[in-house]
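Listing of model-v6.pdb; format and content: PDB, C-alpha atoms.
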```
ATOM      1  CA  MET A 228      82.200 176.645 107.570
ATOM      2  CA  LYS A 229      81.696 172.912 107.326
ATOM      3  CA  ILE A 230      80.329 171.037 110.318
ATOM      4  CA  SER A 231      80.800 167.307 110.383
ATOM      5  CA  VAL A 232      77.748 165.732 111.989
ATOM      6  CA  VAL A 233      77.520 161.997 111.195
ATOM      7  CA  LYS A 234      74.274 161.370 113.011
ATOM      8  CA  ASN A 235      71.421 158.987 112.415
ATOM      9  CA  ILE A 236      68.439 161.157 111.444
ATOM     10  CA  LEU A 237      66.092 158.930 113.448
ATOM     11  CA  GLU A 238      68.281 159.224 116.526
ATOM     12  CA  ALA A 239      65.673 161.163 118.536
ATOM     13  CA  ASN A 240      63.036 158.502 117.931
ATOM     14  CA  ASP A 241      65.503 155.672 118.554
ATOM     15  CA  ARG A 242      66.358 157.243 121.906
ATOM     16  CA  ILE A 243      62.709 157.457 122.979
ATOM     17  CA  ALA A 244      62.154 153.874 121.811
ATOM     18  CA  GLN A 245      65.077 152.793 123.976
ATOM     19  CA  GLU A 246      63.612 154.594 126.969
ATOM     20  CA  ASN A 247      60.275 152.870 126.344
ATOM     21  CA  ARG A 248      62.088 149.584 126.138
ATOM     22  CA  ALA A 249      63.756 150.175 129.499
ATOM     23  CA  ILE A 250      60.318 150.701 131.056
ATOM     24  CA  PHE A 251      58.955 147.484 129.457
ATOM     25  CA  ASP A 252      62.063 145.647 130.702
ATOM     26  CA  GLU A 253      61.295 146.555 134.307
ATOM     27  CA  SER A 254      58.053 144.569 134.019
ATOM     28  CA  ASN A 255      59.541 141.747 131.876
ATOM     29  CA  LEU A 256      56.859 142.565 129.356
ATOM     30  CA  LEU A 257      57.002 141.146 125.833
ATOM     31  CA  VAL A 258      56.180 143.895 123.337
ATOM     32  CA  ILE A 259      55.325 143.136 119.710
ATOM     33  CA  ASN A 260      55.062 145.754 116.988
ATOM     34  CA  LEU A 261      52.479 144.272 114.584
ATOM     35  CA  MET A 262      52.533 145.646 111.041
ATOM     36  CA  SER A 263      50.877 144.993 107.675
ATOM     37  CA  SER A 264      48.983 146.603 104.813
ATOM     38  CA  PRO A 265      45.475 147.814 105.603
ATOM     39  CA  GLY A 266      43.088 144.869 105.619
ATOM     40  CA  ALA A 267      45.651 142.073 105.913
ATOM     41  CA  GLY A 268      44.095 140.948 109.196
ATOM     42  CA  LYS A 269      46.006 142.533 112.095
ATOM     43  CA  THR A 270      42.940 143.097 114.274
ATOM     44  CA  SER A 271      41.437 139.689 113.380
ATOM     45  CA  LEU A 272      44.698 137.986 114.334
ATOM     46  CA  LEU A 273      44.725 139.912 117.594
ATOM     47  CA  GLU A 274      41.147 138.911 118.416
ATOM     48  CA  LYS A 275      41.949 135.244 117.815
ATOM     49  CA  THR A 276      45.215 135.438 119.729
ATOM     50  CA  ILE A 277      43.594 137.137 122.719
ATOM     51  CA  ASP A 278      40.853 134.470 122.827
ATOM     52  CA  ALA A 279      43.456 131.710 122.735
ATOM     53  CA  LEU A 280      45.892 133.139 125.272
ATOM     54  CA  LYS A 281      43.891 135.238 127.674
ATOM     55  CA  ASN A 282      43.606 132.472 130.248
ATOM     56  CA  ASP A 283      47.380 132.079 130.287
ATOM     57  CA  PHE A 284      48.505 135.689 130.068
ATOM     58  CA  GLN A 285      47.447 139.251 130.765
ATOM     59  CA  ILE A 286      47.439 141.009 127.407
ATOM     60  CA  GLY A 287      47.300 144.707 126.573
ATOM     61  CA  VAL A 288      46.878 146.334 123.161
ATOM     62  CA  ILE A 289      47.735 149.699 121.651
ATOM     63  CA  GLU A 290      45.765 150.359 118.479
ATOM     64  CA  GLY A 291      47.214 152.746 115.916
ATOM     65  CA  ASP A 292      44.999 154.192 113.204
ATOM     66  CA  ILE A 293      44.916 157.406 111.270
ATOM     67  CA  GLN A 294      41.315 157.900 112.322
ATOM     68  CA  SER A 295      38.430 156.082 114.131
ATOM     69  CA  SER A 296      38.314 153.850 117.217
ATOM     70  CA  GLN A 297      36.706 150.827 115.537
ATOM     71  CA  ASP A 298      39.695 148.568 116.178
ATOM     72  CA  ALA A 299      39.967 149.517 119.856
ATOM     73  CA  GLU A 300      36.245 148.821 120.248
ATOM     74  CA  ARG A 301      36.722 145.353 118.744
ATOM     75  CA  ILE A 302      39.565 144.633 121.171
ATOM     76  CA  ALA A 303      37.717 146.158 124.171
ATOM     77  CA  ARG A 304      34.991 143.525 123.723
ATOM     78  CA  LYS A 305      37.616 140.999 124.840
ATOM     79  CA  GLU A 306      37.742 142.833 128.179
ATOM     80  CA  ILE A 307      41.437 143.544 128.134
ATOM     81  CA  PRO A 308      43.175 146.945 128.454
ATOM     82  CA  VAL A 309      43.329 148.742 125.093
ATOM     83  CA  VAL A 310      44.265 152.268 124.054
ATOM     84  CA  GLN A 311      43.511 153.784 120.669
ATOM     85  CA  ILE A 312      46.004 156.201 119.153
ATOM     86  CA  ASN A 313      44.697 158.323 116.291
ATOM     87  CA  THR A 314      47.674 159.656 114.417
ATOM     88  CA  GLY A 315      45.535 162.237 112.608
ATOM     89  CA  GLY A 316      47.213 161.657 109.269
ATOM     90  CA  ALA A 317      50.603 160.188 110.167
ATOM     91  CA  CYS A 318      51.178 156.871 108.459
ATOM     92  CA  HIS A 319      53.040 155.187 111.323
ATOM     93  CA  LEU A 320      53.419 155.086 115.111
ATOM     94  CA  ASP A 321      56.587 156.396 116.730
ATOM     95  CA  GLY A 322      58.196 156.107 120.144
ATOM     96  CA  ASN A 323      56.659 159.298 121.429
ATOM     97  CA  MET A 324      53.071 158.280 120.604
ATOM     98  CA  ILE A 325      53.572 154.987 122.448
ATOM     99  CA  ARG A 326      55.031 156.759 125.476
ATOM    100  CA  ASP A 327      51.923 158.939 125.670
ATOM    101  CA  THR A 328      49.783 155.836 126.333
ATOM    102  CA  PHE A 329      51.814 154.601 129.335
ATOM    103  CA  LYS A 330      49.582 156.278 131.892
ATOM    104  CA  GLU A 331      46.706 154.078 130.691
ATOM    105  CA  PHE A 332      48.444 150.794 131.572
ATOM    106  CA  VAL A 333      49.820 149.054 134.642
ATOM    107  CA  PHE A 334      52.700 147.205 132.996
ATOM    108  CA  ASP A 335      53.452 145.064 136.042
ATOM    109  CA  ASP A 336      50.026 143.482 135.561
ATOM    110  CA  LEU A 337      50.704 142.599 131.910
ATOM    111  CA  ASP A 338      52.675 139.794 130.239
ATOM    112  CA  LEU A 339      52.220 140.775 126.609
ATOM    113  CA  LEU A 340      51.661 144.137 124.945
ATOM    114  CA  VAL A 341      50.816 144.219 121.243
ATOM    115  CA  VAL A 342      51.157 147.468 119.354
ATOM    116  CA  GLU A 343      48.969 147.293 116.252
ATOM    117  CA  ASN A 344      50.589 149.757 113.898
ATOM    118  CA  VAL A 345      48.852 151.837 111.228
ATOM    119  CA  GLY A 346      48.036 149.730 108.171
ATOM    120  CA  ASN A 347      50.900 150.522 105.811
ATOM    121  CA  LEU A 348      53.580 148.324 104.258
ATOM    122  CA  VAL A 349      56.259 151.022 104.196
ATOM    123  CA  CYS A 350      56.534 153.646 106.925
ATOM    124  CA  PRO A 351      55.989 151.738 110.197
ATOM    125  CA  ALA A 352      59.072 149.630 109.485
ATOM    126  CA  GLU A 353      61.306 152.688 109.800
ATOM    127  CA  PHE A 354      60.289 153.666 113.361
ATOM    128  CA  LYS A 355      61.082 151.721 116.514
ATOM    129  CA  VAL A 356      58.598 152.037 119.369
ATOM    130  CA  GLY A 357      60.479 150.041 122.036
ATOM    131  CA  GLU A 358      59.349 146.588 120.893
ATOM    132  CA  ASP A 359      61.102 143.269 121.475
ATOM    133  CA  PHE A 360      60.469 142.449 117.846
ATOM    134  CA  LYS A 361      58.383 143.323 114.823
ATOM    135  CA  ALA A 362      55.862 140.859 113.440
ATOM    136  CA  MET A 363      54.098 141.345 110.125
ATOM    137  CA  ILE A 364      51.181 139.905 108.246
ATOM    138  CA  LEU A 365      51.046 139.416 104.516
ATOM    139  CA  SER A 366      47.694 138.199 103.291
ATOM    140  CA  VAL A 367      47.474 135.843 100.341
ATOM    141  CA  PRO A 368      45.464 138.228  98.084
ATOM    142  CA  GLU A 369      48.274 140.799  98.276
ATOM    143  CA  GLY A 370      50.460 138.589  96.105
ATOM    144  CA  GLU A 371      53.954 137.145  96.189
ATOM    145  CA  ASP A 372      55.669 140.247  94.784
ATOM    146  CA  LYS A 373      55.347 142.256  98.010
ATOM    147  CA  PRO A 374      58.661 141.288  99.675
ATOM    148  CA  ALA A 375      60.574 142.468  96.611
ATOM    149  CA  LYS A 376      58.544 145.674  96.387
ATOM    150  CA  TYR A 377      58.556 146.529 100.102
ATOM    151  CA  PRO A 378      61.780 144.939 101.342
ATOM    152  CA  LEU A 379      62.308 147.015 104.486
ATOM    153  CA  MET A 380      59.334 145.663 106.438
ATOM    154  CA  PHE A 381      60.167 142.045 105.603
ATOM    155  CA  HIS A 382      63.802 142.689 106.476
ATOM    156  CA  GLU A 383      62.973 144.259 109.842
ATOM    157  CA  SER A 384      60.426 141.643 110.945
ATOM    158  CA  LYS A 385      61.217 138.579 113.002
ATOM    159  CA  VAL A 386      57.905 136.876 112.289
ATOM    160  CA  LEU A 387      55.796 136.712 109.134
ATOM    161  CA  LEU A 388      52.233 135.461 109.298
ATOM    162  CA  ILE A 389      50.803 134.624 105.897
ATOM    163  CA  ASN A 390      47.081 135.126 106.475
ATOM    164  CA  LYS A 391      43.952 134.204 104.494
ATOM    165  CA  ILE A 392      45.425 130.922 103.267
ATOM    166  CA  ASP A 393      41.824 129.701 102.888
ATOM    167  CA  LEU A 394      41.571 132.004  99.854
ATOM    168  CA  ALA A 395      44.563 130.471  98.055
ATOM    169  CA  PRO A 396      42.498 128.061  95.904
ATOM    170  CA  TYR A 397      40.601 131.017  94.394
ATOM    171  CA  LEU A 398      43.627 133.161  93.576
ATOM    172  CA  ASP A 399      46.535 133.033  91.177
ATOM    173  CA  CYS A 400      48.999 133.221  93.993
ATOM    174  CA  SER A 401      51.385 130.624  95.315
ATOM    175  CA  ILE A 402      52.046 130.534  99.053
ATOM    176  CA  GLU A 403      55.293 128.683  98.366
ATOM    177  CA  ASP A 404      56.475 131.567  96.150
ATOM    178  CA  MET A 405      55.403 134.049  98.818
ATOM    179  CA  LYS A 406      57.561 132.274 101.363
ATOM    180  CA  LYS A 407      60.471 132.011  98.956
ATOM    181  CA  GLU A 408      60.344 135.734  98.146
ATOM    182  CA  ALA A 409      60.084 136.692 101.836
ATOM    183  CA  LEU A 410      62.992 134.460 102.831
ATOM    184  CA  LYS A 411      65.118 136.013 100.095
ATOM    185  CA  VAL A 412      64.795 139.422 101.753
ATOM    186  CA  ASN A 413      65.093 137.951 105.252
ATOM    187  CA  PRO A 414      66.403 134.375 105.568
ATOM    188  CA  HIS A 415      65.861 134.477 109.354
ATOM    189  CA  LEU A 416      62.071 135.006 109.221
ATOM    190  CA  THR A 417      59.887 132.654 111.246
ATOM    191  CA  ILE A 418      56.853 132.032 109.018
ATOM    192  CA  PHE A 419      53.363 130.880 109.967
ATOM    193  CA  GLU A 420      50.681 130.088 107.389
ATOM    194  CA  VAL A 421      47.321 130.885 108.930
ATOM    195  CA  SER A 422      43.702 131.691 108.295
ATOM    196  CA  CYS A 423      41.990 133.877 110.882
ATOM    197  CA  LYS A 424      38.722 132.929 109.171
ATOM    198  CA  THR A 425      38.962 129.140 109.521
ATOM    199  CA  GLY A 426      41.535 129.021 112.333
ATOM    200  CA  GLU A 427      43.892 126.869 110.264
ATOM    201  CA  GLY A 428      47.529 127.126 111.295
ATOM    202  CA  LEU A 429      46.889 129.384 114.279
ATOM    203  CA  ASP A 430      47.804 126.747 116.883
ATOM    204  CA  SER A 431      51.481 126.840 115.885
ATOM    205  CA  TRP A 432      51.470 130.632 116.163
ATOM    206  CA  TYR A 433      49.896 130.493 119.640
ATOM    207  CA  ALA A 434      52.440 127.902 120.801
ATOM    208  CA  TRP A 435      55.325 129.959 119.474
ATOM    209  CA  LEU A 436      53.996 133.125 121.076
ATOM    210  CA  LYS A 437      53.421 131.373 124.432
ATOM    211  CA  ASP A 438      57.072 130.315 124.464
ATOM    212  CA  ALA A 439      58.155 133.856 123.580
ATOM    213  CA  VAL A 440      56.123 135.370 126.453
ATOM    214  CA  ASN A 441      57.354 132.742 128.926
ATOM    215  CA  ASN A 442      60.972 133.255 127.872
ATOM    216  CA  ARG A 443      60.560 136.972 128.341
ATOM    217  CA  LYS A 444      59.054 136.529 131.802
ATOM    218  CA  SER A 445      61.880 134.327 132.978
ATOM    219  CA  ALA A 446      64.572 136.556 131.434
TER     220      ALA A 446
ATOM    221  CA  MET B 238      54.729 159.264 103.149
ATOM    222  CA  HIS B 239      56.763 159.364 106.352
ATOM    223  CA  GLU B 240      59.217 161.808 104.784
ATOM    224  CA  MET B 241      57.537 164.648 106.682
ATOM    225  CA  SER B 242      58.485 163.059 110.039
ATOM    226  CA  ILE B 243      61.993 162.425 108.749
ATOM    227  CA  ALA B 244      62.325 166.024 107.521
ATOM    228  CA  GLN B 245      61.199 167.291 110.929
ATOM    229  CA  SER B 246      63.765 165.116 112.750
ATOM    230  CA  LEU B 247      66.402 166.296 110.322
ATOM    231  CA  ILE B 248      65.585 169.953 110.964
ATOM    232  CA  ASP B 249      65.699 169.399 114.742
ATOM    233  CA  ILE B 250      69.224 168.013 114.441
ATOM    234  CA  ILE B 251      70.288 170.830 112.092
ATOM    235  CA  LYS B 252      69.052 173.519 114.490
ATOM    236  CA  GLU B 253      70.770 171.866 117.423
ATOM    237  CA  GLU B 254      74.074 171.702 115.533
ATOM    238  CA  MET B 255      73.782 175.301 114.316
ATOM    239  CA  THR B 256      73.198 176.592 117.847
ATOM    240  CA  ARG B 257      76.135 174.592 119.087
ATOM    241  CA  HIS B 258      78.419 176.102 116.405
ATOM    242  CA  ASP B 259      76.976 179.657 116.591
ATOM    243  CA  ALA B 260      75.937 179.435 112.939
ATOM    244  CA  THR B 261      73.085 181.559 111.547
ATOM    245  CA  VAL B 262      72.925 180.603 107.867
ATOM    246  CA  LEU B 263      72.476 177.089 106.548
ATOM    247  CA  ARG B 264      73.873 176.650 103.042
ATOM    248  CA  SER B 265      73.612 172.925 102.549
ATOM    249  CA  VAL B 266      73.268 169.571 104.274
ATOM    250  CA  ARG B 267      74.645 166.281 103.003
ATOM    251  CA  LEU B 268      72.693 163.121 103.730
ATOM    252  CA  ASN B 269      73.384 159.470 103.163
ATOM    253  CA  ILE B 270      70.245 157.547 102.350
ATOM    254  CA  GLY B 271      70.663 153.806 102.661
ATOM    255  CA  GLN B 272      69.114 151.843  99.826
ATOM    256  CA  LEU B 273      67.108 149.767 102.320
ATOM    257  CA  SER B 274      65.527 152.790 103.975
ATOM    258  CA  ALA B 275      62.099 153.441 102.539
ATOM    259  CA  ILE B 276      62.843 157.086 101.781
ATOM    260  CA  VAL B 277      62.084 158.751  98.461
ATOM    261  CA  PRO B 278      64.722 161.503  98.076
ATOM    262  CA  GLN B 279      62.400 163.755  96.025
ATOM    263  CA  SER B 280      59.713 163.545  98.712
ATOM    264  CA  LEU B 281      62.193 164.300 101.462
ATOM    265  CA  SER B 282      63.446 167.269  99.480
ATOM    266  CA  PHE B 283      59.904 168.533  99.026
ATOM    267  CA  CYS B 284      59.035 168.143 102.751
ATOM    268  CA  PHE B 285      62.275 169.866 103.734
ATOM    269  CA  GLU B 286      61.398 172.825 101.489
ATOM    270  CA  VAL B 287      57.861 173.027 102.886
ATOM    271  CA  ILE B 288      58.991 173.025 106.509
ATOM    272  CA  THR B 289      61.865 175.468 106.027
ATOM    273  CA  SER B 290      60.032 177.940 103.795
ATOM    274  CA  GLY B 291      59.675 181.311 105.531
ATOM    275  CA  THR B 292      62.180 180.311 108.230
ATOM    276  CA  GLU B 293      65.879 181.110 108.665
ATOM    277  CA  LEU B 294      66.686 177.792 107.001
ATOM    278  CA  GLU B 295      64.870 178.627 103.748
ATOM    279  CA  GLY B 296      66.916 178.065 100.607
ATOM    280  CA  ALA B 297      69.288 175.510 102.107
ATOM    281  CA  LYS B 298      70.242 172.716  99.743
ATOM    282  CA  LEU B 299      69.745 169.048 100.562
ATOM    283  CA  ILE B 300      72.430 166.940  98.937
ATOM    284  CA  MET B 301      71.451 163.287  99.068
ATOM    285  CA  GLU B 302      73.476 160.269  98.156
ATOM    286  CA  VAL B 303      71.843 156.862  97.988
ATOM    287  CA  ILE B 304      74.163 154.293  99.547
ATOM    288  CA  PRO B 305      73.854 150.845  97.945
ATOM    289  CA  LEU B 306      73.441 147.755 100.116
ATOM    290  CA  GLU B 307      76.660 145.881 100.836
ATOM    291  CA  GLY B 308      77.269 142.774 102.850
ATOM    292  CA  MET B 309      79.976 140.552 104.274
ATOM    293  CA  CYS B 310      79.605 136.820 104.650
ATOM    294  CA  ARG B 311      80.319 135.514 108.134
ATOM    295  CA  GLU B 312      80.960 132.039 106.693
ATOM    296  CA  CYS B 313      83.308 132.620 103.760
ATOM    297  CA  LYS B 314      84.363 136.199 104.674
ATOM    298  CA  GLN B 315      83.683 137.554 101.153
ATOM    299  CA  ALA B 316      82.426 141.125 100.725
ATOM    300  CA  PHE B 317      79.768 141.807  98.071
ATOM    301  CA  GLY B 318      77.010 144.120  96.859
ATOM    302  CA  ILE B 319      73.541 142.963  97.903
ATOM    303  CA  GLU B 320      71.545 142.789  94.650
ATOM    304  CA  ASP B 321      67.742 142.660  94.426
ATOM    305  CA  TYR B 322      67.454 142.706  98.235
ATOM    306  CA  ALA B 323      68.680 139.105  98.397
ATOM    307  CA  PHE B 324      70.242 138.857 101.831
ATOM    308  CA  GLU B 325      72.439 135.835 101.255
ATOM    309  CA  CYS B 326      76.041 135.341 100.225
ATOM    310  CA  PRO B 327      76.331 135.151  96.427
ATOM    311  CA  TYR B 328      79.553 133.111  96.821
ATOM    312  CA  CYS B 329      78.617 130.341  99.267
ATOM    313  CA  GLY B 330      74.846 130.824  99.651
ATOM    314  CA  SER B 331      75.008 131.347 103.417
ATOM    315  CA  PRO B 332      72.236 133.473 104.964
ATOM    316  CA  ASP B 333      74.623 134.413 107.774
ATOM    317  CA  ILE B 334      75.675 137.780 106.413
ATOM    318  CA  GLU B 335      76.370 141.125 107.977
ATOM    319  CA  THR B 336      74.930 144.164 106.229
ATOM    320  CA  THR B 337      77.840 146.605 106.125
ATOM    321  CA  ALA B 338      76.279 149.508 104.192
ATOM    322  CA  GLY B 339      72.987 150.774 102.832
ATOM    323  CA  GLN B 340      70.761 150.510 105.909
ATOM    324  CA  ASP B 341      71.188 153.892 107.551
ATOM    325  CA  LEU B 342      69.688 157.286 107.146
ATOM    326  CA  SER B 343      72.238 159.798 108.347
ATOM    327  CA  ILE B 344      73.490 163.350 108.187
ATOM    328  CA  VAL B 345      77.081 163.500 107.003
ATOM    329  CA  ASP B 346      77.896 167.200 107.304
ATOM    330  CA  MET B 347      76.476 170.698 106.860
ATOM    331  CA  GLU B 348      77.813 173.887 105.295
ATOM    332  CA  VAL B 349      76.964 176.897 107.481
ATOM    333  CA  ASP B 350      77.975 180.518 108.040
TER     334      ASP B 350
END
```

What is this structure when it is put down as structure tokens?
Amino acid sequence: MKISVVKNILEANDRIAQENRAIFDESNLLVINLMSSPGAGKTSLLEKTIDALKNDFQIGVIEGDIQSSQDAERIARKEIPVVQINTGGACHLDGNMIRDTFKEFVFDDLDLLVVENVGNLVCPAEFKVGEDFKAMILSVPEGEDKPAKYPLMFHESKVLLINKIDLAPYLDCSIEDMKKEALKVNPHLTIFEVSCKTGEGLDSWYAWLKDAVNNRKSA
Amino acid sequence: MHEMSIAQSLIDIIKEEMTRHDATVLRSVRLNIGQLSAIVPQSLSFCFEVITSGTELEGAKLIMEVIPLEGMCRECKQAFGIEDYAFECPYCGSPDIETTAGQDLSIVDMEVD
């Protein structure tokens, strides 16, 4: 007997992500799913962003890692609410894992929640967690061929931060080519060129993010 | 390697559908794998075998078809194949395109007894 199914395989996760989203909506909370390769600078960007915006907004963070709580400890030093998820081997966060952290937060007290996904340029892009949008970091040393090699993440992201631009003079890598390659996969990307080390370029990111949080609050 | 999670979701859906149709034996499942999805069919196949081995689903065949990316231009209304993951219209250069195929990961049908 043939059964016609026609179902999205990720339907169960998509449903949970939608339920998460409904909960975030009740508190007009902006939720960002932050993704990149390991070592591209997700936690460094978060530290800088928290320092810059913590007088304006209440920020919460969910840290996703396969193992260890080093990232959550770094964020906790900023004295903001943070929860570490250890996936114990899984290469990405999913809607269910995020839902399990809800009891640790009071969402009505927050304006911005950043979910720092597991460092991985492939898998996290496939799973929604209930975010408003995905943001990704590509660091200059990773090279300009990454959008073509890992198109899904670039395609799914709304924002691309090109980090470690201070290293560009020492590397055979062109930031212009990086941008060109990324925009080929996703012409709608908003791109920021930054260095979390020197602080260069971060002001435009902060300004953009401030607007995004304010728009979300007044929505 | 998120194929294990995908295989688990797939098996959950299969079991649900089998219960609903009073089926006890799974012969095969047909999947459409969009070109944009970051799934490696061989890995998915392997994970499916690992999870189903020793269960009532053991031996079922996964038939996978990779669906190429296709788009439609909202400006000039042309339909085209999206080559090299370039998401712009090859006719007029507009980035305002709708992806019409190749993004999804879905079950098409299953053969059961």

Within 10 Å of region 374-381 of chain A, counting all atoms listed in the file, which residues show up once you throw out same-chain ones fewer than 2 positions away? Write them as a PyMOL selection string, please. (chain A and resi 262-263+347-353+361-365+370-372+383-387+405-414+416) or (chain B and resi 272-275+321-323+340)

Expected answer as a short mmCIF file (atom, residue, chain, number, x, y, z; two decimals) with C-alpha atoms, in the coordinates of the input: chain B residues within 9 Å of chain A, only C-alpha atoms:
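The new file iface-v9.cif reads:
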```cif
data_model
loop_
_atom_site.label_atom_id
_atom_site.label_comp_id
_atom_site.auth_asym_id
_atom_site.auth_seq_id
_atom_site.Cartn_x
_atom_site.Cartn_y
_atom_site.Cartn_z
CA MET B 238 54.73 159.26 103.15
CA HIS B 239 56.76 159.36 106.35
CA GLU B 240 59.22 161.81 104.78
CA MET B 241 57.54 164.65 106.68
CA SER B 242 58.48 163.06 110.04
CA ILE B 243 61.99 162.43 108.75
CA ALA B 244 62.32 166.02 107.52
CA SER B 246 63.76 165.12 112.75
CA LEU B 247 66.40 166.30 110.32
CA ILE B 250 69.22 168.01 114.44
CA GLU B 254 74.07 171.70 115.53
CA MET B 255 73.78 175.30 114.32
CA HIS B 258 78.42 176.10 116.40
CA ALA B 260 75.94 179.44 112.94
CA LEU B 268 72.69 163.12 103.73
CA LEU B 273 67.11 149.77 102.32
CA SER B 274 65.53 152.79 103.98
CA ALA B 275 62.10 153.44 102.54
CA ILE B 276 62.84 157.09 101.78
CA ASP B 321 67.74 142.66 94.43
CA TYR B 322 67.45 142.71 98.24
CA ALA B 323 68.68 139.10 98.40
CA PHE B 324 70.24 138.86 101.83
CA GLU B 325 72.44 135.84 101.26
CA PRO B 332 72.24 133.47 104.96
CA ASP B 333 74.62 134.41 107.77
CA ASP B 341 71.19 153.89 107.55
CA LEU B 342 69.69 157.29 107.15
CA SER B 343 72.24 159.80 108.35
CA ILE B 344 73.49 163.35 108.19
CA VAL B 345 77.08 163.50 107.00
CA ASP B 346 77.90 167.20 107.30
CA MET B 347 76.48 170.70 106.86
CA GLU B 348 77.81 173.89 105.30
CA VAL B 349 76.96 176.90 107.48
CA ASP B 350 77.97 180.52 108.04
#
```

Hey, what's within 7 Å of Asn260 (chain A) if we count all atoms listed in the file and toss same-chain stuff fewer than 6 positions away? As a ChimeraX atom specification, please? /A:341-344,358,360-362

Take every atom of region 344-348 of chain A listed in the file, pad by 4 Å on each side, and give me the axis-aligned box centre and edge lengths in Å, one decimal, as lines of an AutoDock Vina configuration file.
```
center_x = 50.8
center_y = 150.1
center_z = 109.1
size_x = 13.5
size_y = 11.5
size_z = 17.6
```

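Among the candidate residues A:Pro308, A:Asn247, A:Ser296, A:Leu320, the one lying nearest to Asp336 (chain A) is A:Pro308, with distances computed using all atoms listed in the file.
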
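Interatomic distance, CA of Thr289 (chain B) to CA of Asp249 (chain B): 11.3 Å.
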
Evaluate the PyMOL selection byres ((chain A and resi 243) around 8) and report residues as a PyMOL selection string: chain A and resi 239-242+244-247+322-323+356-357

Enumerate, as number ranges by chain, the residues matched when the PyMOL selection byres ((chain A and resi 420) around 7) is run on the file above. A: 388-390, 392, 418-419, 421, 428

Taking (43.2, 145.9, 105.2) in the file's coordinates, which residues come within 12 Å, counting all atoms listed in the file, written as a list in words?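 Looking at atoms near the point gives Met262, Ser263, Ser264, Pro265, Gly266, Ala267, Gly268, Lys269, Thr270, Ser271, Asp292, Asp298, Val345, Gly346, Asn347, Leu348, Ile364, Leu365, Ser366, Val367, Pro368, Glu369, Asn390 and Lys391 of chain A.
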
Rounded to one decimal place, report the CA of Ile307 (chain A)-CA of Lys355 (chain A) distance in Å.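 Between these atoms lies a distance of 24.2 Å.
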
Determine the residue membership of the PyMOL selection byres ((chain B and resi 301-306) around 8) for the file above and supply it as a PyMOL selection string. chain B and resi 267-273+278+299-300+307-308+318-320+336-340

Just to confirm, what's the straight-line distance from CA of Ala439 (chain A) to CA of Leu339 (chain A) in Å (one decimal)?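 Between these atoms lies a distance of 9.6 Å.
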
Any idea what's packed within 9 Å of Lys437 (chain A), counting all atoms listed in the file, ignoring anything in its chain fewer than 3 positions away? Could you give it as a ChimeraX atom specification? /A:280,283-284,432-434,440-442

Same residues, C-alpha atoms, output as a PDB file, in the coordinates of the input:
```
ATOM      1  CA  LEU A 280      45.892 133.139 125.272  1.00  0.00           C
ATOM      2  CA  ASP A 283      47.380 132.079 130.287  1.00  0.00           C
ATOM      3  CA  PHE A 284      48.505 135.689 130.068  1.00  0.00           C
ATOM      4  CA  TRP A 432      51.470 130.632 116.163  1.00  0.00           C
ATOM      5  CA  TYR A 433      49.896 130.493 119.640  1.00  0.00           C
ATOM      6  CA  ALA A 434      52.440 127.902 120.801  1.00  0.00           C
ATOM      7  CA  VAL A 440      56.123 135.370 126.453  1.00  0.00           C
ATOM      8  CA  ASN A 441      57.354 132.742 128.926  1.00  0.00           C
ATOM      9  CA  ASN A 442      60.972 133.255 127.872  1.00  0.00           C
TER      10      ASN A 442
END
```

Pick out the residues sitting within 10 Å of Arg311 (chain B), and hand them over as a VMD selection string; count only C-alpha atoms, and ignore anything fewer than 3 positions along from it in its own chain. chain B and resid 308 314 to 316 326 331 to 335
